[in-house]
Structures are given as C-alpha cells and as structure tokens.
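Reproduced below: input.cif, with mmCIF, C-alpha atoms and all ligand atoms.
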```
data_run
#
loop_
_atom_site.label_atom_id
_atom_site.label_comp_id
_atom_site.auth_asym_id
_atom_site.auth_seq_id
_atom_site.Cartn_x
_atom_site.Cartn_y
_atom_site.Cartn_z
CA MET A 1 -10.95 31.53 -6.52
CA ALA A 2 -9.84 29.84 -3.30
CA GLY A 3 -8.58 26.28 -3.70
CA LYS A 4 -10.08 23.26 -2.01
CA THR A 5 -9.41 22.37 1.62
CA TYR A 6 -9.23 18.69 2.48
CA ASP A 7 -10.00 17.17 5.88
CA ILE A 8 -7.35 14.55 6.56
CA ALA A 9 -7.67 12.10 9.46
CA VAL A 10 -4.17 11.41 10.77
CA LEU A 11 -3.46 8.10 12.52
CA LYS A 12 0.17 8.17 13.59
CA GLY A 13 0.17 4.89 15.50
CA ASP A 14 3.18 3.25 17.12
CA GLY A 15 6.93 2.81 16.71
CA ILE A 16 8.27 4.82 13.76
CA GLY A 17 4.69 5.72 12.72
CA PRO A 18 4.66 9.18 14.39
CA GLU A 19 8.20 9.98 13.13
CA VAL A 20 7.46 9.30 9.46
CA VAL A 21 4.02 10.94 9.61
CA ASP A 22 5.44 14.14 11.14
CA GLU A 23 7.87 14.49 8.21
CA THR A 24 5.01 13.89 5.79
CA LEU A 25 2.83 16.59 7.38
CA LYS A 26 5.76 19.01 6.96
CA VAL A 27 5.92 18.13 3.27
CA LEU A 28 2.16 18.48 2.72
CA GLU A 29 2.18 21.89 4.40
CA ALA A 30 5.14 23.01 2.31
CA LEU A 31 3.11 22.44 -0.87
CA GLY A 32 1.07 25.59 -0.13
CA THR A 33 -1.88 24.32 -2.13
CA PRO A 34 -4.23 22.53 -1.66
CA ASP A 35 -5.03 23.37 1.97
CA PHE A 36 -5.48 20.71 4.60
CA ASN A 37 -7.16 20.36 7.99
CA PHE A 38 -5.30 17.62 9.83
CA THR A 39 -7.04 15.88 12.75
CA ASP A 40 -5.14 13.38 14.91
CA SER A 41 -7.01 10.30 16.09
CA PRO A 42 -5.75 7.79 18.65
CA CYS A 43 -5.05 4.24 17.46
CA GLY A 44 -2.57 1.39 17.75
CA ALA A 45 -0.93 -0.63 20.49
CA GLY A 46 -0.22 2.47 22.61
CA CYS A 47 -3.88 3.40 22.41
CA TYR A 48 -4.84 -0.13 23.51
CA LEU A 49 -2.63 0.24 26.59
CA GLU A 50 -4.30 3.56 27.43
CA GLN A 51 -7.92 2.91 26.45
CA GLY A 52 -8.22 -0.87 26.10
CA ASN A 53 -8.95 -0.62 22.36
CA PRO A 54 -6.41 -0.25 19.52
CA LEU A 55 -9.03 1.19 17.16
CA PRO A 56 -11.64 3.22 19.08
CA LYS A 57 -14.97 3.73 17.37
CA GLU A 58 -14.48 7.50 17.34
CA SER A 59 -11.25 7.06 15.34
CA VAL A 60 -13.04 4.88 12.77
CA GLU A 61 -15.79 7.49 12.51
CA ALA A 62 -13.21 10.27 12.06
CA CYS A 63 -11.72 8.24 9.17
CA ARG A 64 -15.16 7.76 7.64
CA ARG A 65 -15.91 11.49 7.79
CA ALA A 66 -12.54 12.66 6.47
CA ASP A 67 -11.74 13.25 2.80
CA ALA A 68 -8.79 10.86 3.21
CA VAL A 69 -6.76 9.16 5.92
CA LEU A 70 -2.99 9.30 6.43
CA LEU A 71 -1.69 6.47 8.59
CA GLY A 72 1.78 5.74 10.01
CA ALA A 73 2.07 2.22 11.36
CA MET A 74 0.43 0.26 14.15
CA GLY A 75 1.22 -2.61 16.48
CA LEU A 76 4.05 -3.50 18.85
CA PRO A 77 5.41 -7.02 19.35
CA HIS A 78 5.08 -6.96 23.14
CA VAL A 79 1.49 -5.69 23.14
CA ARG A 80 -0.79 -8.62 22.35
CA TRP A 81 -4.33 -9.87 22.75
CA PRO A 82 -4.88 -12.38 25.53
CA ASP A 83 -4.72 -15.23 22.92
CA GLY A 84 -1.18 -14.19 22.01
CA THR A 85 -1.87 -12.64 18.56
CA GLU A 86 -0.58 -9.16 17.72
CA MET A 87 -3.10 -6.40 17.22
CA ARG A 88 -3.60 -5.32 13.60
CA PRO A 89 -5.94 -2.33 13.75
CA GLN A 90 -4.78 -1.20 10.29
CA ILE A 91 -6.21 -4.43 8.85
CA ASP A 92 -9.41 -4.05 10.88
CA LEU A 93 -9.77 -0.53 9.45
CA ARG A 94 -9.55 -1.90 5.88
CA ILE A 95 -12.46 -4.20 6.65
CA GLU A 96 -14.48 -1.53 8.52
CA LEU A 97 -14.20 0.90 5.60
CA ASP A 98 -14.27 -1.81 2.89
CA LEU A 99 -10.97 -0.66 1.38
CA TYR A 100 -10.82 -3.49 -1.15
CA ALA A 101 -8.01 -2.25 -3.39
CA GLY A 102 -4.49 -2.31 -1.95
CA VAL A 103 -2.46 -0.25 -4.42
CA ARG A 104 1.31 -0.68 -4.07
CA PRO A 105 3.46 1.11 -6.63
CA ILE A 106 7.03 -0.15 -6.92
CA TYR A 107 9.43 2.30 -8.55
CA LEU A 108 13.22 2.33 -8.63
CA TYR A 109 14.33 5.90 -7.84
CA ALA A 110 18.10 5.30 -7.94
CA ALA A 111 20.21 2.44 -9.33
CA GLU A 112 22.12 1.92 -6.08
CA HIS A 113 18.90 1.26 -4.11
CA SER A 114 18.43 -2.06 -5.92
CA PRO A 115 20.31 -5.24 -5.08
CA LEU A 116 19.86 -6.19 -8.77
CA LYS A 117 22.58 -5.22 -11.20
CA GLY A 118 22.20 -3.41 -14.50
CA LEU A 119 19.08 -1.42 -13.66
CA GLY A 120 18.76 2.35 -13.69
CA ALA A 121 16.26 4.79 -12.19
CA GLY A 122 12.80 4.13 -13.61
CA ASP A 123 13.68 0.64 -14.93
CA ILE A 124 11.47 -0.95 -12.27
CA ASP A 125 8.01 0.61 -12.47
CA PHE A 126 4.99 -1.55 -11.72
CA VAL A 127 1.98 -1.61 -9.40
CA ILE A 128 0.73 -4.49 -7.28
CA LEU A 129 -3.03 -4.60 -6.69
CA ARG A 130 -3.64 -6.59 -3.52
CA GLU A 131 -7.21 -7.65 -2.81
CA ASN A 132 -7.53 -6.29 0.71
CA VAL A 133 -10.58 -7.67 2.48
CA GLU A 134 -10.96 -11.36 1.64
CA GLY A 135 -8.63 -14.16 0.44
CA LEU A 136 -6.68 -15.92 3.16
CA PHE A 137 -7.06 -12.90 5.46
CA ALA A 138 -10.81 -13.50 5.59
CA SER A 139 -9.95 -16.07 8.25
CA MET A 140 -8.27 -13.48 10.45
CA ASN A 141 -9.66 -13.99 13.96
CA GLY A 142 -11.96 -16.68 12.50
CA GLY A 143 -9.75 -19.72 11.92
CA ILE A 144 -10.22 -22.80 14.06
CA GLU A 145 -7.93 -24.89 16.17
CA LEU A 146 -9.11 -28.26 17.41
CA ARG A 147 -7.77 -29.85 20.57
CA GLY A 148 -4.22 -28.71 19.89
CA GLU A 149 -4.10 -31.15 16.94
CA VAL A 150 -5.59 -29.44 13.90
CA ALA A 151 -5.75 -25.81 12.77
CA VAL A 152 -7.59 -24.45 9.73
CA ASP A 153 -7.69 -21.05 8.01
CA SER A 154 -9.74 -20.75 4.82
CA MET A 155 -9.16 -18.95 1.53
CA VAL A 156 -12.33 -17.00 0.72
CA ILE A 157 -12.73 -15.73 -2.85
CA THR A 158 -16.02 -14.16 -3.93
CA ARG A 159 -17.09 -13.22 -7.44
CA SER A 160 -17.97 -9.63 -6.50
CA GLY A 161 -14.80 -9.15 -4.45
CA THR A 162 -12.64 -10.43 -7.31
CA GLU A 163 -14.48 -8.52 -10.01
CA ARG A 164 -14.00 -5.15 -8.35
CA VAL A 165 -10.29 -5.51 -7.64
CA VAL A 166 -9.58 -6.94 -11.11
CA ARG A 167 -11.54 -4.09 -12.70
CA TYR A 168 -9.47 -1.65 -10.64
CA ALA A 169 -6.30 -3.29 -12.01
CA PHE A 170 -7.39 -2.98 -15.66
CA GLU A 171 -8.53 0.63 -15.17
CA LEU A 172 -5.17 1.43 -13.57
CA ALA A 173 -3.27 -0.16 -16.48
CA ARG A 174 -5.33 1.94 -18.90
CA ARG A 175 -4.49 5.09 -16.94
CA ARG A 176 -0.78 4.27 -16.83
CA GLY A 177 -0.92 3.84 -20.59
CA ARG A 178 2.30 1.89 -20.95
CA ASP A 179 3.26 0.37 -24.29
CA PRO A 180 2.18 -2.42 -24.14
CA MET A 181 -0.38 -2.24 -21.32
CA LYS A 182 -0.46 -5.46 -19.32
CA VAL A 183 -2.21 -6.91 -16.27
CA THR A 184 -0.73 -10.03 -14.68
CA CYS A 185 -3.01 -12.34 -12.72
CA VAL A 186 -0.96 -13.76 -9.83
CA ASP A 187 -2.49 -16.95 -8.48
CA LYS A 188 -2.02 -20.66 -7.90
CA ALA A 189 -4.69 -21.75 -10.36
CA ASN A 190 -2.92 -25.04 -11.07
CA VAL A 191 -3.59 -26.30 -7.53
CA PHE A 192 -6.45 -24.53 -5.77
CA LYS A 193 -10.10 -24.32 -6.82
CA SER A 194 -10.31 -20.87 -5.23
CA MET A 195 -7.44 -19.68 -7.41
CA ALA A 196 -8.79 -21.24 -10.62
CA PHE A 197 -12.00 -19.33 -9.87
CA PHE A 198 -10.01 -16.10 -9.29
CA ARG A 199 -8.36 -16.55 -12.70
CA ARG A 200 -11.69 -17.27 -14.40
CA VAL A 201 -13.20 -14.07 -13.03
CA PHE A 202 -10.00 -12.21 -14.06
CA ASP A 203 -10.55 -13.42 -17.65
CA GLU A 204 -14.22 -12.47 -17.63
CA VAL A 205 -13.48 -8.93 -16.43
CA GLY A 206 -10.48 -8.63 -18.78
CA GLU A 207 -12.73 -9.28 -21.82
CA ALA A 208 -13.92 -5.68 -21.50
CA TYR A 209 -10.34 -4.42 -22.00
CA PRO A 210 -9.23 -5.93 -25.32
CA GLU A 211 -6.41 -3.36 -25.68
CA ILE A 212 -4.74 -4.60 -22.48
CA GLU A 213 -2.64 -7.78 -22.55
CA ARG A 214 -3.73 -10.48 -20.09
CA ASP A 215 -0.76 -12.21 -18.47
CA TYR A 216 -0.71 -15.03 -15.90
CA ALA A 217 1.83 -16.16 -13.31
CA TYR A 218 1.74 -18.68 -10.50
CA VAL A 219 2.79 -16.90 -7.33
CA ASP A 220 5.86 -19.09 -6.80
CA ALA A 221 7.12 -18.55 -10.36
CA LEU A 222 6.36 -14.84 -10.12
CA SER A 223 8.68 -14.59 -7.10
CA MET A 224 11.50 -15.73 -9.39
CA TYR A 225 10.47 -13.59 -12.38
CA LEU A 226 10.32 -10.48 -10.19
CA VAL A 227 14.01 -10.95 -9.43
CA GLN A 228 15.01 -11.98 -12.97
CA ARG A 229 13.01 -9.52 -15.06
CA PRO A 230 11.15 -6.94 -12.95
CA ALA A 231 11.15 -4.44 -15.83
CA THR A 232 8.61 -6.54 -17.76
CA TYR A 233 5.71 -5.92 -15.36
CA ASP A 234 3.07 -3.20 -15.51
CA VAL A 235 0.12 -3.99 -13.17
CA MET A 236 -0.43 -7.23 -11.27
CA VAL A 237 -3.42 -8.36 -9.25
CA SER A 238 -3.68 -11.05 -6.61
CA GLU A 239 -5.58 -12.30 -3.61
CA ASN A 240 -4.73 -10.82 -0.21
CA MET A 241 -1.99 -13.09 1.19
CA TYR A 242 -0.06 -13.50 -2.06
CA GLY A 243 -0.23 -9.74 -2.51
CA ASP A 244 1.14 -9.25 1.00
CA ILE A 245 4.15 -11.46 0.28
CA ILE A 246 5.02 -10.22 -3.20
CA SER A 247 4.72 -6.60 -2.01
CA ASP A 248 7.58 -7.09 0.44
CA LEU A 249 9.66 -8.94 -2.16
CA ALA A 250 9.03 -6.14 -4.65
CA ALA A 251 9.93 -3.46 -2.07
CA GLY A 252 13.25 -5.23 -1.63
CA LEU A 253 14.00 -4.67 -5.33
CA VAL A 254 13.81 -0.88 -4.99
CA GLY A 255 15.47 -0.12 -1.65
CA GLY A 256 13.31 -1.82 0.96
CA LEU A 257 10.16 -1.05 2.90
CA GLY A 258 11.19 2.57 3.43
CA MET A 259 10.65 3.12 -0.32
CA ALA A 260 7.29 1.38 -0.70
CA PRO A 261 4.14 3.54 -0.46
CA SER A 262 0.59 2.24 -0.50
CA GLY A 263 -3.04 3.25 -0.75
CA ASP A 264 -5.96 1.19 0.56
CA ILE A 265 -8.90 2.33 -1.48
CA GLY A 266 -12.65 1.76 -1.30
CA GLU A 267 -15.72 3.36 -2.84
CA ASP A 268 -16.16 5.99 -0.13
CA SER A 269 -12.89 6.14 1.82
CA ALA A 270 -9.17 5.67 1.35
CA VAL A 271 -6.23 5.20 3.71
CA PHE A 272 -2.67 6.00 2.65
CA GLN A 273 0.25 4.51 4.52
CA PRO A 274 3.77 3.16 4.05
CA SER A 275 3.99 -0.57 3.32
CA HIS A 276 6.23 -1.03 6.35
CA GLY A 277 5.24 -1.72 9.94
CA THR A 278 6.29 0.00 13.16
CA ALA A 279 9.97 -1.16 12.98
CA PRO A 280 10.43 -1.07 16.78
CA ASP A 281 14.14 -1.88 16.34
CA ILE A 282 14.83 1.60 14.94
CA ALA A 283 12.04 3.65 16.57
CA GLY A 284 12.99 6.85 18.37
CA GLN A 285 16.48 6.97 16.85
CA GLU A 286 15.88 9.18 13.81
CA LEU A 287 16.84 6.25 11.58
CA ALA A 288 13.50 5.68 9.83
CA ASN A 289 13.19 6.51 6.15
CA PRO A 290 10.14 8.79 5.78
CA LEU A 291 9.94 8.51 1.98
CA ALA A 292 7.43 5.62 1.86
CA THR A 293 5.01 7.76 3.88
CA ILE A 294 5.77 10.94 1.93
CA LEU A 295 5.15 9.04 -1.33
CA SER A 296 1.93 7.64 0.16
CA ALA A 297 0.81 11.23 0.70
CA GLY A 298 1.58 11.73 -3.01
CA LEU A 299 -0.78 8.84 -3.82
CA MET A 300 -3.36 10.45 -1.54
CA LEU A 301 -3.15 13.71 -3.49
CA ARG A 302 -3.47 11.89 -6.82
CA TRP A 303 -6.56 10.08 -5.53
CA LEU A 304 -8.08 13.33 -4.18
CA GLY A 305 -7.27 15.06 -7.47
CA ASP A 306 -9.16 12.40 -9.46
CA ARG A 307 -12.07 12.21 -7.08
CA HIS A 308 -12.62 15.96 -6.79
CA ASP A 309 -11.42 16.86 -10.25
CA ASP A 310 -8.85 19.12 -8.59
CA PRO A 311 -5.71 19.94 -10.61
CA ALA A 312 -4.04 21.49 -7.52
CA ALA A 313 -4.13 18.11 -5.77
CA THR A 314 -2.83 16.27 -8.85
CA GLN A 315 -0.03 18.81 -9.24
CA GLY A 316 0.80 18.34 -5.55
CA ALA A 317 1.27 14.62 -6.22
CA ASP A 318 3.53 15.36 -9.21
CA ARG A 319 5.56 17.82 -7.16
CA ILE A 320 6.10 15.37 -4.29
CA GLU A 321 7.27 12.64 -6.68
CA ALA A 322 9.57 15.06 -8.50
CA ALA A 323 11.02 16.30 -5.21
CA VAL A 324 11.77 12.74 -4.06
CA ARG A 325 13.28 11.92 -7.45
CA GLY A 326 15.45 15.04 -7.36
CA VAL A 327 16.70 14.57 -3.80
CA ILE A 328 17.68 10.93 -3.96
CA ALA A 329 19.05 10.89 -7.49
CA GLU A 330 22.38 11.80 -5.93
CA ALA A 331 24.35 8.72 -4.80
CA GLY A 332 24.57 8.20 -1.05
CA VAL A 333 21.76 10.63 -0.21
CA GLY A 334 19.17 9.34 2.25
CA THR A 335 18.71 7.54 5.53
CA PRO A 336 20.94 4.56 6.46
CA ASP A 337 18.61 2.00 4.79
CA LEU A 338 19.44 3.77 1.48
CA GLY A 339 23.16 3.82 2.20
CA GLY A 340 23.08 7.45 3.35
CA LYS A 341 23.81 9.21 6.62
CA MET A 342 20.78 11.49 6.97
CA SER A 343 18.38 11.40 9.89
CA THR A 344 14.63 11.06 9.40
CA GLY A 345 14.21 14.81 9.95
CA GLU A 346 17.07 15.79 7.63
CA LEU A 347 15.65 13.78 4.75
CA GLY A 348 12.21 15.29 5.37
CA ASP A 349 13.78 18.77 5.34
CA GLU A 350 15.53 18.02 2.02
CA ILE A 351 12.19 17.14 0.43
CA VAL A 352 10.65 20.34 1.79
CA GLN A 353 13.61 22.32 0.38
CA ALA A 354 13.21 20.65 -3.01
CA LEU A 355 9.55 21.71 -3.10
P1 LIG B 401 4.51 -5.60 10.03
O1 LIG B 401 4.31 -7.05 10.23
O2 LIG B 401 3.68 -4.73 10.91
O3 LIG B 401 4.48 -5.17 8.60
P2 LIG B 401 7.27 -6.15 10.46
O4 LIG B 401 7.71 -6.42 11.86
O5 LIG B 401 7.14 -7.26 9.50
O6 LIG B 401 5.96 -5.26 10.51
P3 LIG B 401 8.53 -3.70 9.79
O7 LIG B 401 8.13 -3.06 11.05
O8 LIG B 401 7.95 -3.18 8.57
O9 LIG B 401 8.28 -5.24 9.79
O10 LIG B 401 10.08 -3.64 9.68
C1 LIG B 401 10.93 -4.66 9.20
C2 LIG B 401 12.34 -4.09 9.21
O11 LIG B 401 12.49 -3.22 8.08
C3 LIG B 401 12.57 -3.23 10.43
O12 LIG B 401 13.15 -3.99 11.42
C4 LIG B 401 13.45 -2.12 9.95
O13 LIG B 401 14.78 -2.43 10.18
C5 LIG B 401 13.17 -2.04 8.46
N1 LIG B 401 12.33 -0.88 8.14
C6 LIG B 401 10.98 -0.86 8.03
N2 LIG B 401 10.53 0.36 7.73
C7 LIG B 401 11.62 1.14 7.64
C8 LIG B 401 11.83 2.54 7.36
N3 LIG B 401 10.82 3.39 7.11
N4 LIG B 401 13.10 3.00 7.34
C9 LIG B 401 14.13 2.18 7.58
N5 LIG B 401 14.01 0.88 7.85
C10 LIG B 401 12.77 0.35 7.89
#
```

Hey, can you dump this file as structure tokens for me?
Amino acid sequence: MAGKTYDIAVLKGDGIGPEVVDETLKVLEALGTPDFNFTDSPCGAGCYLEQGNPLPKESVEACRRADAVLLGAMGLPHVRWPDGTEMRPQIDLRIELDLYAGVRPIYLYAAEHSPLKGLGAGDIDFVILRENVEGLFASMNGGIELRGEVAVDSMVITRSGTERVVRYAFELARRRGRDPMKVTCVDKANVFKSMAFFRRVFDEVGEAYPEIERDYAYVDALSMYLVQRPATYDVMVSENMYGDIISDLAAGLVGGLGMAPSGDIGEDSAVFQPSHGTAPDIAGQELANPLATILSAGLMLRWLGDRHDDPAATQGADRIEAAVRGVIAEAGVGTPDLGGKMSTGELGDEIVQAL
C-alpha cells in the first residue's frame, strides 16, 4: 500500500530563513517516506518590500490548506512599519491560525554545547509550553501611548486560553512518561492578579491528572533554577511573554538558538520553525546552524504521525532525531556556533548521510 503524501506549505522568509529551510527540505526528501508536496509561499520583510505586505492573504490561505507549515524566519531590522516597529508576520500567523500552543523542546545533544559544567548528553531534557496568542502579546499593535508621557500594554489572560494550553502541557507530560511526571506552572502569581488567575486555572485543569506532579515557580526564580538544576524539569507552561524569555535562556543551556526547535500548534493547523530569528549578521555566509529547523521538521513529522495515525511519519521523526544525535555526538562537529568548522550545507549533508 502506498504511504501518505503530505502537503507542506513552505515559508522561507528572510535572512538565514531560506538557508536553514533548504537544508531541512534536503533532509525530509532523504527520508524516502512519507512523501511530501512542498509549496513555497511568499512572506516576510522581503515580501513586504516587493508586495507591500509581509504576510499576503494567499500565503495565509496556503498555510490553512496545507497539512502542516514549515517556516524559516521572518523580519529584517531595517525594514519597518511607518511607526518604527519591526514586522512580525510569524506572530500574526499564530493569531490568524489560532496556534495557541508554542511547544519548545530543550534537549542537550552533546556535553560541550552547554556552558554548564558536569552535564552529559540527554541530561537536559524538558519542554516549554508557551501560550502563543494572548498574555502580554495580546497588546501587540494595540497598546496605547498618551502624549509622549504614558504608555500602556496589557496582560490578557482568559480562562479558555489558559485551560487549553495547560491541558496541552499535562497531556504532553503524560506522553513523555518520565518518572516522575511533572508540570511546572511558571508565573508571577505573588504580584499580578492575571498571574494568580493563571495559576488557579492551572490547578483546576491539573486536578484531572492526579498522577502528574504539579510544580510552581515564579518566572524570576525559574531563571535561576534553570541554570542551577535544569535536569529537574519535565514540562513547563507559561503565558506568552515569560515563555518567550525563558525559551531563549533555555536554548542557551543546550548550544544556543541554532539548537532550539519549535512547533506552534492549534486545533486545525500547525507551524514548525526554529526558535531563532533571521540572524542578519550571519546571513548569506553559510554560517547558520540548520539543526533547529531540521529538528522542527522532526516535530512536524511527530505531529503528523499522531494526527494521521501514520507510523511512517513517526518513524521519520525518530530517524531525524537519531541522525542529529549521531552526527553531533562527536566533539567539534557542527557549525561555528557549536564550536565546529562546518558550513550550513556541510552539516545538512552530514544529516542526510546519517539517514
Ligand atoms: P528575533 O527577535 O526575530 O527572534 P533576534 O534578532 O532576537 O531575532 P536572532 O535572529 O534569532 O535574534 O539571532 C540572534 C543571534 O543568534 C544572531 O545574531 C546569531 O548570531 C545567532 N543565531 C541565531 N540563529 C542562529 C543559527 N541558526 N545558527 C547560528 N547562529 C544563530
């Protein structure tokens, strides 16, 4: 019986986006199965310069129609809206498609990638669940500034928005099946009403998962604990802005943004992309680490495998992760951010070889 074919909308974007996506497409094709139809759609700062819109409606519709979306990175510092803000079409897309769950796995593939001492491969292994469509980002483009004297952005926490992301976190912990299973609520419940409410909803949802330990950390304290004892975390869940910040801190523990994949997941659509931005400082020089994007494609396959009950997709995810693990287990292998000397294309080729 022929295997499944997935329609993948590809949004390469700006800066290093196209470079890391091209390596990822090579890797997906090298898998052999499942099959993919890749369709490129214009987006990003370059698209704004050409068409006057960084996220054309047709590109959003292509994402909606596709089985999944693979995205590079978007935005360039010198391309801005008339009010001076940078364009963030990748955030607009999360809101358009209601991709409420930002899933960011943090895994240490090789001891020398971490600035922390005494940790080996696999010793850091947790997932950050970032609420993706409300929180402090709900104010994006909607904050107010009065007479050059006062500016206000608001933290928006809804019961339904919190319930669904917290439920996702507990379900994920159950799937990971660690011993013990634990979900950490990251908030600032000692100061803000919105955060005390977030924690209350966390507890209410957590009641349905008595086998999973409920843990709590204020976001400031968590920033310290992540450095002191990252091995003690399993799944954590937070509002949008806190999740944004702790994701970058956590990436720094395992080799930087080039090692941090992500999935933005909703009920009907999902977008997979590296946690990093367009890194204009290294674009076009073959210096970008493609692994965050390649691992994001692994997350995409795992999600497709679950959704379509397709073992070929799930095996594809396992194979990509094993290939990455195999290639960079050797000291000094990788792009310059990992202490290696490989170019973007050479590292992509190594992963293809390993498959
Ligand atoms: P954004 O706000 O869009 O997330 P940013 O400007 O905060 O973007 P990035 O574009 O993610 O940040 O890059 C920050 C720095 O991290 C870059 O200057 C680059 O040196 C490094 N970096 C990011 N991604 C990679 C990568 N894939 N490989 C190597 N270095 C990277």

Give me, as a ChimeraX atom specification, the set of residues whose atoms come within 9 Å of any atom of ligand LIG 401 (chain B), counting all atoms listed in the file.
/A:15-17,20,73-77,88,248,256-260,274-283,287-293,335-338,344

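The shell of residues at most 6 Å from Ala121 (chain A), with all atoms listed in the file counted and near chain neighbours (fewer than 2 positions) removed, consists of Leu108, Tyr109, Ala110, Ala111 and Asp123 of chain A.
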
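By all atoms listed in the file, and with residues fewer than 6 positions from Tyr242 (chain A) along its chain excluded, the set lying at most 8 Å from it is Arg130, Val186, Asp187 and Val219 of chain A.
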
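Residue nearest Arg164 (chain A) within the list A:Ile265, A:Ser139, A:Ala151, A:Val127: A:Ile265 [criterion: smallest interatomic distance, all atoms listed in the file].
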
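Residues in contact with region 44-56 of chain A at 9 Å, where only C-alpha atoms are counted and same-chain residues fewer than 6 positions away are skipped, are listed as A:Leu11, A:Lys12, A:Gly13, A:Asp14, A:Ala73, A:Met74, A:Gly75, A:Leu76, A:Val79, A:Arg80, A:Glu86, A:Met87, A:Arg88, A:Pro89, A:Gln90, A:Asp92, A:Leu93.
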
Could you check how far CA of Asp309 (chain A) sits from CA of Leu129 (chain A), in Å to one decimal?
23.3 Å
